[in-house]
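Next comes data-v3.txt, a file with compact mmCIF, C-alpha atoms.
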```txt
# COMPACT_ATOMS: atom_id res chain seq x y z
CA MET E 1 -33.42 24.62 -19.79
CA GLY E 2 -29.92 26.04 -19.95
CA ASP E 3 -29.81 25.47 -23.71
CA GLU E 4 -33.09 27.37 -24.12
CA ASP E 5 -31.71 30.30 -22.12
CA ASN E 6 -28.59 30.40 -24.24
CA GLN E 7 -30.67 30.22 -27.41
CA GLY E 8 -32.80 33.14 -26.19
CA LYS E 9 -29.75 35.23 -25.41
CA HIS E 10 -28.28 34.38 -28.77
CA GLU E 11 -31.45 35.46 -30.58
CA GLN E 12 -31.54 38.67 -28.58
CA ALA E 13 -27.93 39.34 -29.58
CA GLU E 14 -28.72 38.67 -33.23
CA THR E 15 -31.74 40.99 -33.33
CA GLY E 16 -29.77 43.80 -31.73
CA ASP E 17 -26.91 43.42 -34.19
CA GLU E 18 -27.97 46.02 -36.72
CA SER E 19 -28.13 49.01 -34.41
CA LEU E 20 -25.02 47.85 -32.57
CA ASP E 21 -23.14 47.47 -35.87
CA ALA E 22 -24.10 50.97 -36.88
CA ASN E 23 -23.15 52.61 -33.61
CA VAL E 24 -20.12 50.74 -32.36
CA GLU E 25 -17.65 52.69 -34.50
CA LEU E 26 -19.10 55.93 -33.16
CA PHE E 27 -19.05 54.50 -29.63
CA SER E 28 -15.41 53.49 -30.04
CA GLU E 29 -14.35 56.92 -31.24
CA TYR E 30 -16.46 58.66 -28.60
CA TYR E 31 -15.13 56.43 -25.82
CA GLU E 32 -11.56 57.25 -26.83
CA GLY E 33 -12.33 60.95 -27.13
CA ASN E 34 -11.53 61.02 -30.84
CA LEU E 35 -14.87 62.33 -32.14
CA ALA E 36 -15.00 65.87 -33.47
CA PRO E 37 -17.09 68.18 -31.22
CA LYS E 38 -19.97 68.26 -33.74
CA GLU E 39 -20.11 64.44 -34.06
CA ALA E 40 -19.80 64.07 -30.30
CA ALA E 41 -22.73 66.43 -29.79
CA GLU E 42 -24.79 64.46 -32.33
CA LEU E 43 -24.04 61.20 -30.58
CA GLU E 44 -24.85 62.70 -27.19
CA ALA E 45 -28.19 63.87 -28.59
CA LEU E 46 -28.86 60.37 -29.91
CA LEU E 47 -27.98 58.83 -26.54
CA ALA E 48 -30.29 61.27 -24.79
CA SER E 49 -33.25 60.53 -27.05
CA ASP E 50 -32.85 56.83 -27.96
CA GLU E 51 -33.10 54.38 -25.09
CA LYS E 52 -31.83 51.45 -27.19
CA ALA E 53 -28.74 53.43 -28.22
CA ARG E 54 -28.23 54.46 -24.60
CA GLN E 55 -28.41 50.83 -23.48
CA ASP E 56 -26.01 49.75 -26.25
CA PHE E 57 -23.52 52.41 -25.23
CA ALA E 58 -23.81 51.43 -21.57
CA ASP E 59 -23.09 47.81 -22.56
CA PHE E 60 -20.19 48.93 -24.73
CA GLU E 61 -18.74 51.00 -21.89
CA LYS E 62 -19.13 48.09 -19.50
CA THR E 63 -17.24 45.82 -21.89
CA MET E 64 -14.44 48.34 -22.25
CA GLU E 65 -14.19 48.79 -18.48
CA MET E 66 -14.04 45.05 -17.98
CA LEU E 67 -11.24 44.80 -20.52
CA SER E 68 -9.14 47.54 -18.98
CA GLY E 69 -9.78 46.15 -15.51
CA MET E 70 -8.53 42.65 -16.30
CA HIS E 71 -5.74 41.47 -14.02
CA LYS E 72 -2.19 41.98 -15.19
CA MET E 73 -0.60 38.57 -15.04
CA SER E 74 2.98 38.21 -13.84
CA ALA E 75 5.58 35.87 -15.25
CA PRO E 76 6.64 33.03 -12.92
CA MET E 77 9.25 33.93 -10.30
CA ASP E 78 11.93 31.78 -11.93
CA PHE E 79 11.07 32.86 -15.46
CA ASP E 80 14.51 34.33 -16.24
CA LYS E 81 16.18 31.17 -14.92
CA ARG E 82 14.01 29.01 -17.18
CA VAL E 83 14.88 31.12 -20.22
CA GLU E 84 18.56 30.93 -19.28
CA ASP E 85 18.39 27.13 -18.88
CA THR E 86 16.64 26.70 -22.21
CA ILE E 87 19.19 28.85 -24.08
CA ARG E 88 22.08 27.02 -22.40
CA ARG E 89 20.59 23.64 -23.32
CA ARG E 90 19.80 24.56 -26.91
CA SER E 91 23.14 26.26 -27.50
CA GLY E 92 25.02 23.28 -26.08
CA GLY E 93 26.44 25.45 -23.30
CA ARG E 94 27.75 28.12 -25.66
CA PHE E 95 25.61 30.75 -23.97
CA PHE E 96 24.83 31.02 -20.28
CA GLY E 97 27.19 28.13 -19.64
CA LYS E 98 29.18 27.62 -16.45
CA ARG E 99 31.68 30.41 -16.50
CA ALA E 100 35.43 29.89 -16.70
CA PHE E 101 37.68 31.62 -14.19
CA GLY E 102 38.76 34.14 -16.80
CA GLU E 103 35.12 35.15 -17.38
CA ARG E 104 34.35 35.62 -13.71
CA ILE E 105 37.39 37.89 -13.25
CA PRO E 106 38.32 40.16 -16.15
CA TYR E 107 41.54 39.23 -17.95
CA GLU E 108 42.89 42.77 -17.48
CA ALA E 109 42.64 42.43 -13.69
CA LEU E 110 44.35 39.03 -13.89
CA ALA E 111 47.22 40.50 -15.97
CA ILE E 112 47.77 43.32 -13.45
CA LEU E 113 47.76 40.82 -10.56
CA VAL E 114 50.34 38.64 -12.33
CA MET E 115 52.59 41.66 -12.95
CA ILE E 116 52.39 42.70 -9.28
CA ILE E 117 53.30 39.18 -8.11
CA ALA E 118 56.20 39.03 -10.60
CA GLY E 119 57.46 42.41 -9.31
CA ILE E 120 57.32 41.25 -5.70
CA VAL E 121 59.22 38.04 -6.53
CA TYR E 122 61.88 40.01 -8.41
CA TRP E 123 62.25 42.51 -5.57
CA MET E 124 62.58 39.69 -3.05
CA GLY E 125 65.18 38.04 -5.22
CA ARG E 126 67.22 41.20 -5.36
CA SER E 127 66.90 42.25 -1.75
CA SER E 128 67.41 38.84 -0.17
CA ALA E 129 70.92 37.95 1.12
CA THR E 130 70.85 34.70 -0.76
CA GLY E 131 68.66 35.71 -3.67
CA SER E 132 69.85 34.73 -7.13
CA HIS E 133 69.20 38.28 -8.42
CA LYS E 134 71.26 39.96 -5.74
CA LEU E 135 73.72 42.48 -7.25
CA ASP E 136 76.91 43.07 -5.26
CA ASN E 137 79.48 44.73 -7.57
CA ASP E 138 81.81 45.93 -4.77
CA SER E 139 82.72 42.60 -3.25
CA LYS E 140 85.23 40.42 -5.05
CA PRO E 141 84.48 36.80 -5.57
CA GLU E 142 85.97 34.47 -3.05
CA ILE E 143 88.58 32.08 -4.45
CA HIS E 144 89.18 28.83 -2.79
CA ASP E 145 92.76 28.30 -1.71
CA GLY E 146 93.15 25.26 -3.86
CA ALA E 147 92.10 27.15 -6.93
CA ARG E 148 94.43 30.17 -6.67
CA ASP E 149 96.97 28.68 -9.05
CA VAL E 150 94.26 28.00 -11.62
CA VAL E 151 93.17 31.68 -11.62
CA PRO E 152 96.45 33.52 -11.13
CA ARG E 153 95.24 36.83 -12.50
CA LEU E 154 92.72 37.23 -9.74
CA LYS E 155 94.29 38.69 -6.61
CA MET S 1 15.42 55.20 -28.74
CA THR S 2 17.15 56.73 -25.75
CA ARG S 3 20.90 56.61 -25.31
CA ALA S 4 20.52 54.08 -22.49
CA GLU S 5 18.42 51.86 -24.73
CA ARG S 6 20.96 52.08 -27.56
CA LYS S 7 23.65 51.04 -25.10
CA LEU S 8 21.51 48.14 -23.91
CA VAL S 9 20.94 47.00 -27.50
CA ARG S 10 24.68 47.17 -28.20
CA ARG S 11 25.35 44.99 -25.16
CA LEU S 12 22.65 42.57 -26.30
CA LYS S 13 24.27 42.34 -29.72
CA GLU S 14 27.55 41.53 -27.97
CA ARG S 15 25.62 38.72 -26.27
CA ASP S 16 26.09 40.29 -22.85
CA GLU S 17 24.17 37.93 -20.60
CA ARG S 18 23.54 40.55 -17.92
CA ALA S 19 21.96 42.83 -20.52
CA PHE S 20 19.68 39.98 -21.50
CA PHE S 21 18.54 39.54 -17.91
CA GLU S 22 17.79 43.27 -17.75
CA VAL S 23 15.55 42.89 -20.79
CA ILE S 24 13.68 39.97 -19.22
CA GLU S 25 13.37 41.88 -15.97
CA SER S 26 11.83 44.93 -17.62
CA ASN S 27 9.65 43.18 -20.22
CA GLY S 28 8.96 39.71 -18.80
CA ASP S 29 5.65 40.43 -17.08
CA ARG S 30 4.17 42.40 -19.98
CA VAL S 31 5.16 39.78 -22.54
CA PHE S 32 3.76 37.04 -20.33
CA ASN S 33 0.50 38.96 -19.83
CA LEU S 34 0.18 39.52 -23.57
CA CYS S 35 0.75 35.82 -24.28
CA PHE S 36 -1.68 34.80 -21.55
CA ARG S 37 -4.45 37.10 -22.76
CA LEU S 38 -3.96 35.96 -26.36
CA LEU S 39 -3.81 32.24 -25.59
CA GLY S 40 -5.96 32.08 -22.48
CA ASN S 41 -3.84 29.37 -20.94
CA ARG S 42 -1.10 29.82 -18.36
CA GLU S 43 1.10 26.90 -19.37
CA GLU S 44 0.99 27.81 -23.02
CA ALA S 45 1.68 31.44 -22.12
CA GLU S 46 4.73 30.49 -20.02
CA ASP S 47 6.10 28.37 -22.80
CA LEU S 48 5.43 30.99 -25.43
CA ALA S 49 6.87 33.88 -23.40
CA GLN S 50 10.06 31.83 -23.03
CA GLU S 51 10.20 31.32 -26.78
CA VAL S 52 9.75 35.05 -27.30
CA PHE S 53 12.84 35.88 -25.23
CA ILE S 54 14.85 33.11 -26.82
CA LYS S 55 13.96 34.63 -30.18
CA VAL S 56 14.96 38.07 -28.90
CA PHE S 57 18.34 36.63 -27.92
CA LYS S 58 18.78 34.95 -31.30
CA LYS S 59 17.47 37.73 -33.51
CA ILE S 60 18.79 40.82 -31.75
CA ASP S 61 21.23 41.41 -34.62
CA THR S 62 18.26 42.07 -36.92
CA PHE S 63 16.92 44.82 -34.65
CA GLU S 64 17.61 48.05 -36.52
CA GLY S 65 16.55 50.49 -33.83
CA ASP S 66 13.66 51.93 -35.84
CA CYS S 67 11.35 51.58 -32.83
CA LYS S 68 11.62 51.05 -29.10
CA LEU S 69 13.15 47.74 -28.04
CA SER S 70 9.97 46.92 -26.09
CA THR S 71 7.89 47.50 -29.24
CA TRP S 72 10.12 45.13 -31.20
CA ILE S 73 9.79 42.53 -28.44
CA TYR S 74 6.00 42.98 -28.50
CA ARG S 75 6.03 42.46 -32.26
CA ILE S 76 7.82 39.15 -31.78
CA ALA S 77 5.39 38.20 -29.01
CA SER S 78 2.39 39.10 -31.15
CA ASN S 79 3.64 37.13 -34.18
CA GLU S 80 4.64 34.15 -32.08
CA SER S 81 1.24 34.19 -30.38
CA LYS S 82 -0.56 34.17 -33.72
CA ASN S 83 1.55 31.24 -34.86
CA ARG S 84 0.79 29.41 -31.62
CA ILE S 85 -2.95 30.13 -31.97
CA ARG S 86 -2.87 28.53 -35.44
CA HIS S 87 -0.87 25.60 -34.13
CA LEU S 88 -3.32 25.10 -31.27
CA ALA S 89 -6.24 25.38 -33.70
CA VAL S 90 -4.86 22.42 -35.66
CA ARG S 91 -4.36 20.49 -32.43
CA HIS S 92 -7.84 21.54 -31.34
CA ASP S 93 -9.35 20.21 -34.57
CA LYS S 94 -7.56 16.90 -34.12
CA SER S 95 -8.82 16.40 -30.61
CA LYS S 96 -12.03 18.42 -30.80
CA ASP S 97 -14.25 16.07 -28.86
CA GLU S 98 -11.94 15.79 -25.86
CA PHE S 99 -11.24 19.51 -25.97
CA ASP S 100 -14.89 20.58 -25.98
CA GLU S 101 -15.62 18.23 -23.14
CA GLY S 102 -12.74 19.69 -21.15
CA VAL S 103 -13.50 23.38 -21.42
CA GLY S 104 -17.23 23.50 -22.10
CA GLY S 105 -18.62 26.69 -23.59
CA CYS S 106 -15.29 28.42 -23.44
CA ALA S 107 -13.80 26.26 -26.17
CA ALA S 108 -12.31 28.47 -28.81
CA ALA S 109 -10.48 28.17 -32.06
CA GLY S 110 -7.05 27.42 -30.76
CA ALA S 111 -7.23 29.12 -27.41
CA TYR S 112 -9.08 28.38 -24.27
CA THR S 113 -9.44 29.22 -20.64
CA ALA S 114 -7.42 26.88 -18.48
CA PRO S 115 -9.65 24.19 -16.99
CA ALA S 116 -8.10 24.82 -13.58
CA GLN S 117 -9.16 28.42 -13.80
CA MET S 118 -12.74 27.49 -14.70
CA LYS S 119 -13.06 25.10 -11.78
CA SER S 120 -11.42 27.43 -9.31
CA PRO S 121 -13.33 28.04 -6.06
CA ASP S 122 -12.84 31.74 -6.71
CA VAL S 123 -15.29 31.45 -9.58
CA HIS S 124 -17.97 32.65 -7.15
CA VAL S 125 -16.32 36.02 -6.94
CA GLU S 126 -18.10 38.17 -9.47
CA VAL S 127 -15.05 39.97 -10.78
CA GLN S 128 -13.27 36.73 -11.48
CA GLN S 129 -16.36 35.26 -13.03
CA LEU S 130 -16.70 38.20 -15.36
CA GLU S 131 -13.00 38.05 -16.17
CA SER S 132 -13.33 34.38 -16.98
CA ILE S 133 -16.28 35.12 -19.27
CA MET S 134 -14.34 37.91 -20.91
CA GLN S 135 -11.27 35.71 -21.39
CA GLY S 136 -13.46 33.07 -23.01
CA ALA S 137 -15.02 35.67 -25.32
CA ILE S 138 -11.58 36.99 -26.32
CA ALA S 139 -10.47 33.46 -27.06
CA GLU S 140 -13.32 33.13 -29.55
CA LEU S 141 -12.24 36.15 -31.58
CA GLU S 142 -10.25 35.91 -34.80
CA GLU S 143 -6.53 36.09 -34.06
CA ASP S 144 -6.08 39.59 -35.55
CA HIS S 145 -9.02 40.93 -33.56
CA ARG S 146 -7.70 39.24 -30.45
CA VAL S 147 -4.29 40.90 -30.84
CA LEU S 148 -5.78 44.36 -31.29
CA ILE S 149 -8.15 44.04 -28.34
CA VAL S 150 -5.34 42.87 -26.08
CA LEU S 151 -2.84 45.50 -27.23
CA ARG S 152 -5.24 48.42 -27.11
CA ASP S 153 -7.87 47.65 -24.50
CA ILE S 154 -5.97 45.46 -22.04
CA GLU S 155 -2.36 46.58 -22.44
CA GLU S 156 -3.51 50.12 -23.25
CA LEU S 157 -0.78 50.78 -25.80
CA SER S 158 -0.90 53.85 -28.03
CA TYR S 159 -2.05 53.56 -31.64
CA GLU S 160 1.48 54.48 -32.71
CA GLU S 161 2.92 51.50 -30.82
CA ILE S 162 0.19 49.17 -32.07
CA CYS S 163 0.87 50.23 -35.67
CA SER S 164 4.56 49.53 -35.15
CA ILE S 165 3.87 46.13 -33.55
CA THR S 166 1.30 44.96 -36.10
CA GLU S 167 2.92 46.77 -39.06
CA LEU S 168 -0.53 48.07 -40.08
CA ALA S 169 -1.62 51.59 -40.97
CA GLU S 170 -3.44 53.53 -38.25
CA GLY S 171 -6.70 53.60 -40.21
CA THR S 172 -6.58 49.84 -40.62
CA VAL S 173 -5.85 49.34 -36.92
CA LYS S 174 -8.77 51.56 -35.95
CA SER S 175 -11.31 49.98 -38.29
CA ARG S 176 -10.25 46.45 -37.31
CA LEU S 177 -10.36 47.41 -33.66
CA HIS S 178 -13.93 48.69 -34.06
CA ARG S 179 -14.91 45.39 -35.66
CA ALA S 180 -13.07 43.49 -32.93
CA ARG S 181 -14.91 45.40 -30.21
CA LEU S 182 -18.21 44.78 -31.94
CA ALA S 183 -17.47 41.07 -32.24
CA LEU S 184 -16.41 40.94 -28.60
CA ARG S 185 -19.53 42.77 -27.49
CA LYS S 186 -21.72 40.28 -29.37
CA LYS S 187 -19.90 37.35 -27.83
CA MET S 188 -20.29 38.87 -24.39
CA MET S 189 -24.04 39.34 -24.98
CA THR S 190 -24.45 35.66 -25.76
CA ARG S 191 -22.51 34.70 -22.63
CA MET S 192 -24.05 36.99 -20.02
```
Take the structure in the file and give it back as structure tokens.
Amino acid sequence: MGDEDNQGKHEQAETGDESLDANVELFSEYYEGNLAPKEAAELEALLASDEKARQDFADFEKTMEMLSGMHKMSAPMDFDKRVEDTIRRRSGGRFFGKRAFGERIPYEALAILVMIIAGIVYWMGRSSATGSHKLDNDSKPEIHDGARDVVPRLK
Amino acid sequence: MTRAERKLVRRLKERDERAFFEVIESNGDRVFNLCFRLLGNREEAEDLAQEVFIKVFKKIDTFEGDCKLSTWIYRIASNESKNRIRHLAVRHDKSKDEFDEGVGGCAAAGAYTAPAQMKSPDVHVEVQQLESIMQGAIAELEEDHRVLIVLRDIEELSYEEICSITELAEGTVKSRLHRARLALRKKMMTRM
């Protein structure tokens, strides 16, 4: 029964082919608003007078509306993650790999931080009473009593 | 191309990973939808959309900026989809009996409606039923016709963009699109 129905529909489609073939280009242009005013008027006259053409155009319009009304599908939520994983795997970790410390923090920022720390250490060395960088030009070096004869020029 | 887009392309060419994520963010859904409508199968579409972006990442150096970045990405998606349709057609021929049994009247040359979608309880909803019929009819079109129908009538791109994506002249696009619409209409008439 179902096969017979399908066969009937198929035959109906085949018999209507010729007029549909002839008109569908006009329908397409008309539907998109690309027909010149004269051609549009001619088509409108045809649609007004020819029931078959009117039915064909209604079917054509319905098809176009169904097409434009089809749901817009969305990519999966983790789509970007999947792409990232695939690139990482295929590139052997060259791209999108686990990032080194130097990539997470820019090297320029690291260099500035290192210079600041070095400056602080130097300043502490100079300002500290026992620091190795302490400069004290005014005071004379202390000479142990037992060494005075070894360095006679120092008084 | 806008200045912002040129900057984005430069970052992509420097393999800036954040720039790449921006591209996926702004084009992911449209590329996926294009792949899905051309292939008619969600899993295949997911896999193919991934391949499209991987190709974008690999081939960005060949992008010369003669069109919008999104148009270039669409061109890749369209070409990759056509390749996949051919690949699936070969697979379909090899396992034709099982395939036909699985998807019934919606079996198509290389593309099909996902069985899960056909058996969905929502099939009783008229809109979804019609959409399923339409998807099946699209899947039966020749691959070039399928691409034009999807780009113009579903994605609603301009002729200028379609010409750039398909690398065809506008007259050719229009005449093929008319034939595609006619073929689709005929397939719909046999299904409804």
Taking only C-alpha atoms into account, find every residue of chain S that has an atom no more than 6 Å from chain E, and write it out as JSON, numbers by chain.
{"S": [29, 32, 33, 50, 153, 154, 178, 190]}
Can I get the selected residues back with C-alpha atoms, as a PDB file, in the frame of the given file?
```pdb
ATOM      1  CA  ASP S  29       5.650  40.430 -17.080  1.00  0.00           C
ATOM      2  CA  PHE S  32       3.760  37.040 -20.330  1.00  0.00           C
ATOM      3  CA  ASN S  33       0.500  38.960 -19.830  1.00  0.00           C
ATOM      4  CA  GLN S  50      10.060  31.830 -23.030  1.00  0.00           C
ATOM      5  CA  ASP S 153      -7.870  47.650 -24.500  1.00  0.00           C
ATOM      6  CA  ILE S 154      -5.970  45.460 -22.040  1.00  0.00           C
ATOM      7  CA  HIS S 178     -13.930  48.690 -34.060  1.00  0.00           C
ATOM      8  CA  THR S 190     -24.450  35.660 -25.760  1.00  0.00           C
TER       9      THR S 190
END
```
Near-segment 163-174 of chain S list (7 Å; all atoms listed in the file; drop same-chain fewer than 3 positions) as a ChimeraX atom specification
/S:71-72,74-75,159-160,177-178
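Across the model, the gap from atom CA of Gly93 of chain E to atom CA of Ala45 of chain S is 25.5 Å.
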Go through E:Ser49, E:Glu39, E:Arg94, E:Met115 one by one, measure the shortest atom-to-atom distance of each to Arg15 of chain S using all atoms listed in the file, and give the residue with the smallest value.
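Of E:Ser49, E:Glu39, E:Arg94, E:Met115, the one nearest Arg15 of chain S is E:Arg94, counting all atoms listed in the file.
Relative to atom CA of Glu46 of chain S, atom CA of Leu157 of chain S is found at 21.8 Å.
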10 Å contact set for Asn27 of chain S, all atoms listed in the file, chain neighbours under 2 positions out, as a short mmCIF file (atom, residue, chain, number, x, y, z; two decimals) with C-alpha atoms, in the coordinates of the input:
```
data_model
loop_
_atom_site.label_atom_id
_atom_site.label_comp_id
_atom_site.auth_asym_id
_atom_site.auth_seq_id
_atom_site.Cartn_x
_atom_site.Cartn_y
_atom_site.Cartn_z
CA ALA E 75 5.58 35.87 -15.25
CA PHE S 21 18.54 39.54 -17.91
CA GLU S 22 17.79 43.27 -17.75
CA VAL S 23 15.55 42.89 -20.79
CA ILE S 24 13.68 39.97 -19.22
CA GLU S 25 13.37 41.88 -15.97
CA ASP S 29 5.65 40.43 -17.08
CA ARG S 30 4.17 42.40 -19.98
CA VAL S 31 5.16 39.78 -22.54
CA PHE S 32 3.76 37.04 -20.33
CA PHE S 53 12.84 35.88 -25.23
CA LEU S 69 13.15 47.74 -28.04
CA SER S 70 9.97 46.92 -26.09
CA ILE S 73 9.79 42.53 -28.44
CA TYR S 74 6.00 42.98 -28.50
#
```
Excluding Glu143 of chain S and any residue of its chain fewer than 3 positions from it, enumerate the residues within 8 Å of it, using all atoms listed in the file, and give them as a PyMOL selection string.
chain S and resi 82+85+146-147
Would you put the residues from that selection into a file with C-alpha atoms, as a short mmCIF file (atom, residue, chain, number, x, y, z; two decimals), keeping the file's coordinate frame?
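The result, written out as selection-v5.cif:
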```
data_model
loop_
_atom_site.label_atom_id
_atom_site.label_comp_id
_atom_site.auth_asym_id
_atom_site.auth_seq_id
_atom_site.Cartn_x
_atom_site.Cartn_y
_atom_site.Cartn_z
CA LYS S 82 -0.56 34.17 -33.72
CA ILE S 85 -2.95 30.13 -31.97
CA ARG S 146 -7.70 39.24 -30.45
CA VAL S 147 -4.29 40.90 -30.84
#
```
How many Å separate atom CA of Ala40 of chain E from atom CA of Leu182 of chain S?
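Between these atoms lies a distance of 19.4 Å.
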